[in-house]
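J.: Dumping the structure here so I can ask a few things about it.
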Amino acid sequence: MKVLIINGPNLNLLGTRQPDVYGATSFEFYYENLKKTFHQVELEYFQSNVEGFIIDKLHEVGFSYDGIILNAGAYTHTSIAIADAISAISTPVIEVHISNVHKREPFRHHSYLSSVCKGVIVGFGLDGYRLALEAIL
Ligand code: DQA
C-alpha cells in the first residue's frame with residue numbers, strides 16, 4: 001500500500017510556526033514516528049510552498065498510489081487549480097488541517113478542496129495525519 005502525505009505552504013515551519021496554533025513538534029519528527037507505527041505502509045512525504053509543485057505531485061502519484069493525505073495550508077482557501085487537480089486524478093485524497101479552521105478567521109471557513117476530497121479531518125493537531133492514514137487503511 002502506497003500513501004503520500006503532501007504538506008503545502010508554511011508547513012515546513014511546523015514546530016516553530018505559531019506553536020499555540022500548530023503545536024511544538026516538527027513534522028519531520030512526527031513523520032518518523034508515523035512511519036514506525038505504520039511500517040506496513042509505503043509512506044512518503046512531500047512538502048512545497050509552491051502551488052504548481054503541489055499540482056505536479058498530485059498528477060505524478062494520483063493514478064498509482066492508494067491514498068493521498070493533503071494539507072494544502074492556505075491554498076485550501078484559494079486554489080481552484082488544486083481542486084481541479086484532485087478531481088482529475090483517481091487516487092482518493094483526504095484533506096487534513098491541524099487546527100480547527102472553523103474556530104478561526106472567517107476566510108479559513110471555506111475550502112475549495114473539501115467537495116472533491118474523499119473526506120476531511122480538521123482540528124486534531126498532528127494526529128489528524130494518523131487518523132487520515134487509518135481511514136485510508
Ligand atoms: C492549516 C489551516 C490553514 O488555514 C492555514 O493557512 C495553514 C494550516 C492547518 O493545518 O490548520 O497553513 O491548513
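Simple scheme: letters A, B, ... for chains in C-alpha cells order, numbers from 1 for residues in each chain, numbers from 1 for ligands in the order shown.
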Neighbours of ligand 1 at 7 Å or closer, counting only C-alpha atoms and all ligand atoms: which residues, as an mmCIF file with N, CA and C atoms, in the first residue's frame?
T.:
```cif
data_model
loop_
_atom_site.group_PDB
_atom_site.id
_atom_site.type_symbol
_atom_site.label_atom_id
_atom_site.label_comp_id
_atom_site.auth_asym_id
_atom_site.auth_seq_id
_atom_site.Cartn_x
_atom_site.Cartn_y
_atom_site.Cartn_z
ATOM 1 N N PRO A 9 2.086 25.242 1.791
ATOM 2 C CA PRO A 9 2.897 26.375 2.205
ATOM 3 C C PRO A 9 2.953 26.605 3.716
ATOM 4 N N ASN A 10 4.144 26.921 4.163
ATOM 5 C CA ASN A 10 4.461 27.282 5.554
ATOM 6 C C ASN A 10 4.452 26.095 6.512
ATOM 7 N N LEU A 11 4.062 24.926 6.024
ATOM 8 C CA LEU A 11 4.006 23.763 6.914
ATOM 9 C C LEU A 11 5.396 23.156 7.116
ATOM 10 N N TYR A 22 -0.335 25.474 16.087
ATOM 11 C CA TYR A 22 0.058 24.262 15.343
ATOM 12 C C TYR A 22 0.892 23.278 16.154
ATOM 13 N N ASN A 71 -2.572 18.373 3.256
ATOM 14 C CA ASN A 71 -2.807 19.623 3.976
ATOM 15 C C ASN A 71 -2.270 20.727 3.072
ATOM 16 N N ALA A 72 -3.160 21.384 2.364
ATOM 17 C CA ALA A 72 -2.737 22.383 1.381
ATOM 18 C C ALA A 72 -2.515 23.754 2.007
ATOM 19 N N GLY A 73 -2.542 23.828 3.352
ATOM 20 C CA GLY A 73 -2.319 25.117 4.027
ATOM 21 C C GLY A 73 -3.291 26.156 3.486
ATOM 22 N N ALA A 74 -2.799 27.362 3.291
ATOM 23 C CA ALA A 74 -3.674 28.461 2.866
ATOM 24 C C ALA A 74 -4.222 28.272 1.450
ATOM 25 N N THR A 76 -5.786 25.861 0.501
ATOM 26 C CA THR A 76 -7.112 25.280 0.723
ATOM 27 C C THR A 76 -8.207 26.305 0.430
ATOM 28 N N VAL A 96 -6.589 17.316 5.318
ATOM 29 C CA VAL A 96 -6.289 17.409 6.752
ATOM 30 C C VAL A 96 -5.941 18.851 7.111
ATOM 31 N N HIS A 97 -6.454 19.298 8.265
ATOM 32 C CA HIS A 97 -5.989 20.563 8.851
ATOM 33 C C HIS A 97 -5.652 20.325 10.306
ATOM 34 N N ILE A 98 -4.520 20.812 10.702
ATOM 35 C CA ILE A 98 -4.037 20.628 12.073
ATOM 36 C C ILE A 98 -4.930 21.398 13.044
ATOM 37 N N SER A 99 -5.189 22.638 12.700
ATOM 38 C CA SER A 99 -6.034 23.480 13.558
ATOM 39 C C SER A 99 -7.496 23.320 13.156
ATOM 40 N N ASN A 100 -8.382 23.710 14.073
ATOM 41 C CA ASN A 100 -9.807 23.720 13.724
ATOM 42 C C ASN A 100 -10.098 25.024 12.990
ATOM 43 N N VAL A 101 -10.047 24.949 11.666
ATOM 44 C CA VAL A 101 -10.196 26.155 10.841
ATOM 45 C C VAL A 101 -11.547 26.851 11.075
ATOM 46 N N ARG A 108 -10.913 31.286 6.664
ATOM 47 C CA ARG A 108 -10.458 29.888 6.722
ATOM 48 C C ARG A 108 -11.633 28.902 6.738
ATOM 49 N N GLY A 123 -8.723 19.800 12.991
ATOM 50 C CA GLY A 123 -8.702 20.252 14.376
ATOM 51 C C GLY A 123 -8.136 19.287 15.402
#
```
J.: So what do you get for CA of Gly125 (chain A) versus CA of Ile69 (chain A), distance-wise?
T.: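 Spanning CA of Gly125 (chain A) to CA of Ile69 (chain A) is a straight-line distance of 14.2 Å.
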J.: To test your reading of the structure, identify every residue in chain A that backbone DSSP assigns to strand (DSSP E), and report it as a ChimeraX atom specification.
T.: /A:2-7,42-47,67-71,93-97,119-122
J.: Can you write out as JSON lines which residues of region 92-136 of chain A fall within 9 Å of region 25-39 of chain A, alongside each residue's closest atom pair and its distance in Å to one decimal, counting only C-alpha atoms and ordering rows by chain and ascending residue number?
T.:
```
{"residue": "A:Leu126", "atom": "CA", "partner": "A:Tyr30", "partner_atom": "CA", "distance": 7.6}
{"residue": "A:Tyr129", "atom": "CA", "partner": "A:Leu34", "partner_atom": "CA", "distance": 8.7}
{"residue": "A:Arg130", "atom": "CA", "partner": "A:Leu34", "partner_atom": "CA", "distance": 7.1}
{"residue": "A:Leu133", "atom": "CA", "partner": "A:Phe38", "partner_atom": "CA", "distance": 8.7}
```
J.: I want to know what sits within 10 Å of Ile136 (chain A), based on only C-alpha atoms, with residues of the same chain fewer than 6 positions away left out; could you give that as a list in words?
T.: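 So, after excluding close chain neighbours, the residues are Met1, Val3, Asp66, Gly67, Ile68, Ile69, Pro92, Val93, Ile94, Lys118 and Arg130 of chain A.
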J.: For CA of Thr91 (chain A) and CA of Leu58 (chain A), determine how far apart the two atoms are, in Å to one decimal place.
T.: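 That distance, rounded to one decimal, is 9.0 Å.
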J.: To one decimal place, how far is CA of Ile86 (chain A) from CA of Lys57 (chain A) in Å?
T.: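 These two atoms are separated by 10.7 Å.
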J.: With distances taken over only C-alpha atoms, which residue among A:Glu44, A:Glu134, A:Glu95, A:Asp84 lies nearest Val61 (chain A)?
T.: A:Glu44
J.: Choose the residue, out of A:Ala88, A:Asp127, A:Val122, A:His77, that has the smallest atom-to-atom separation from His110 (chain A); count only C-alpha atoms.
T.: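 Using only C-alpha atoms, His110 (chain A) sits closest to A:His77.
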J.: Nearest residue to Leu70 (chain A) out of A:Leu43, A:Val21, A:Ile89, A:Ile54, using only C-alpha atoms?
T.: A:Ile54
J.: Quick one: everything within 7 Å of Phe46 (chain A), counting only C-alpha atoms, minus sequence neighbours fewer than 3 positions away in the same chain. Send it as a PyMOL selection string.
T.: chain A and resi 5-7
J.: Could the residues in this selection be written to a file with N, CA, C and O atoms, as a short mmCIF file (atom, residue, chain, number, x, y, z; two decimals), in the first residue's frame?
T.:
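Result saved to result00.cif:
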```cif
data_model
loop_
_atom_site.label_atom_id
_atom_site.label_comp_id
_atom_site.auth_asym_id
_atom_site.auth_seq_id
_atom_site.Cartn_x
_atom_site.Cartn_y
_atom_site.Cartn_z
N ILE A 5 1.89 11.75 1.83
CA ILE A 5 1.45 12.94 2.58
C ILE A 5 2.00 14.16 1.86
O ILE A 5 3.21 14.24 1.60
N ILE A 6 1.12 15.11 1.55
CA ILE A 6 1.57 16.38 0.94
C ILE A 6 1.24 17.51 1.91
O ILE A 6 0.09 17.66 2.33
N ASN A 7 2.24 18.27 2.25
CA ASN A 7 2.04 19.49 3.03
C ASN A 7 2.31 20.70 2.17
O ASN A 7 3.32 20.74 1.44
#
```
J.: Which of region 68-119 of chain A counts as alpha helix (DSSP H) under DSSP, as a ChimeraX atom specification please?
T.: /A:80-88
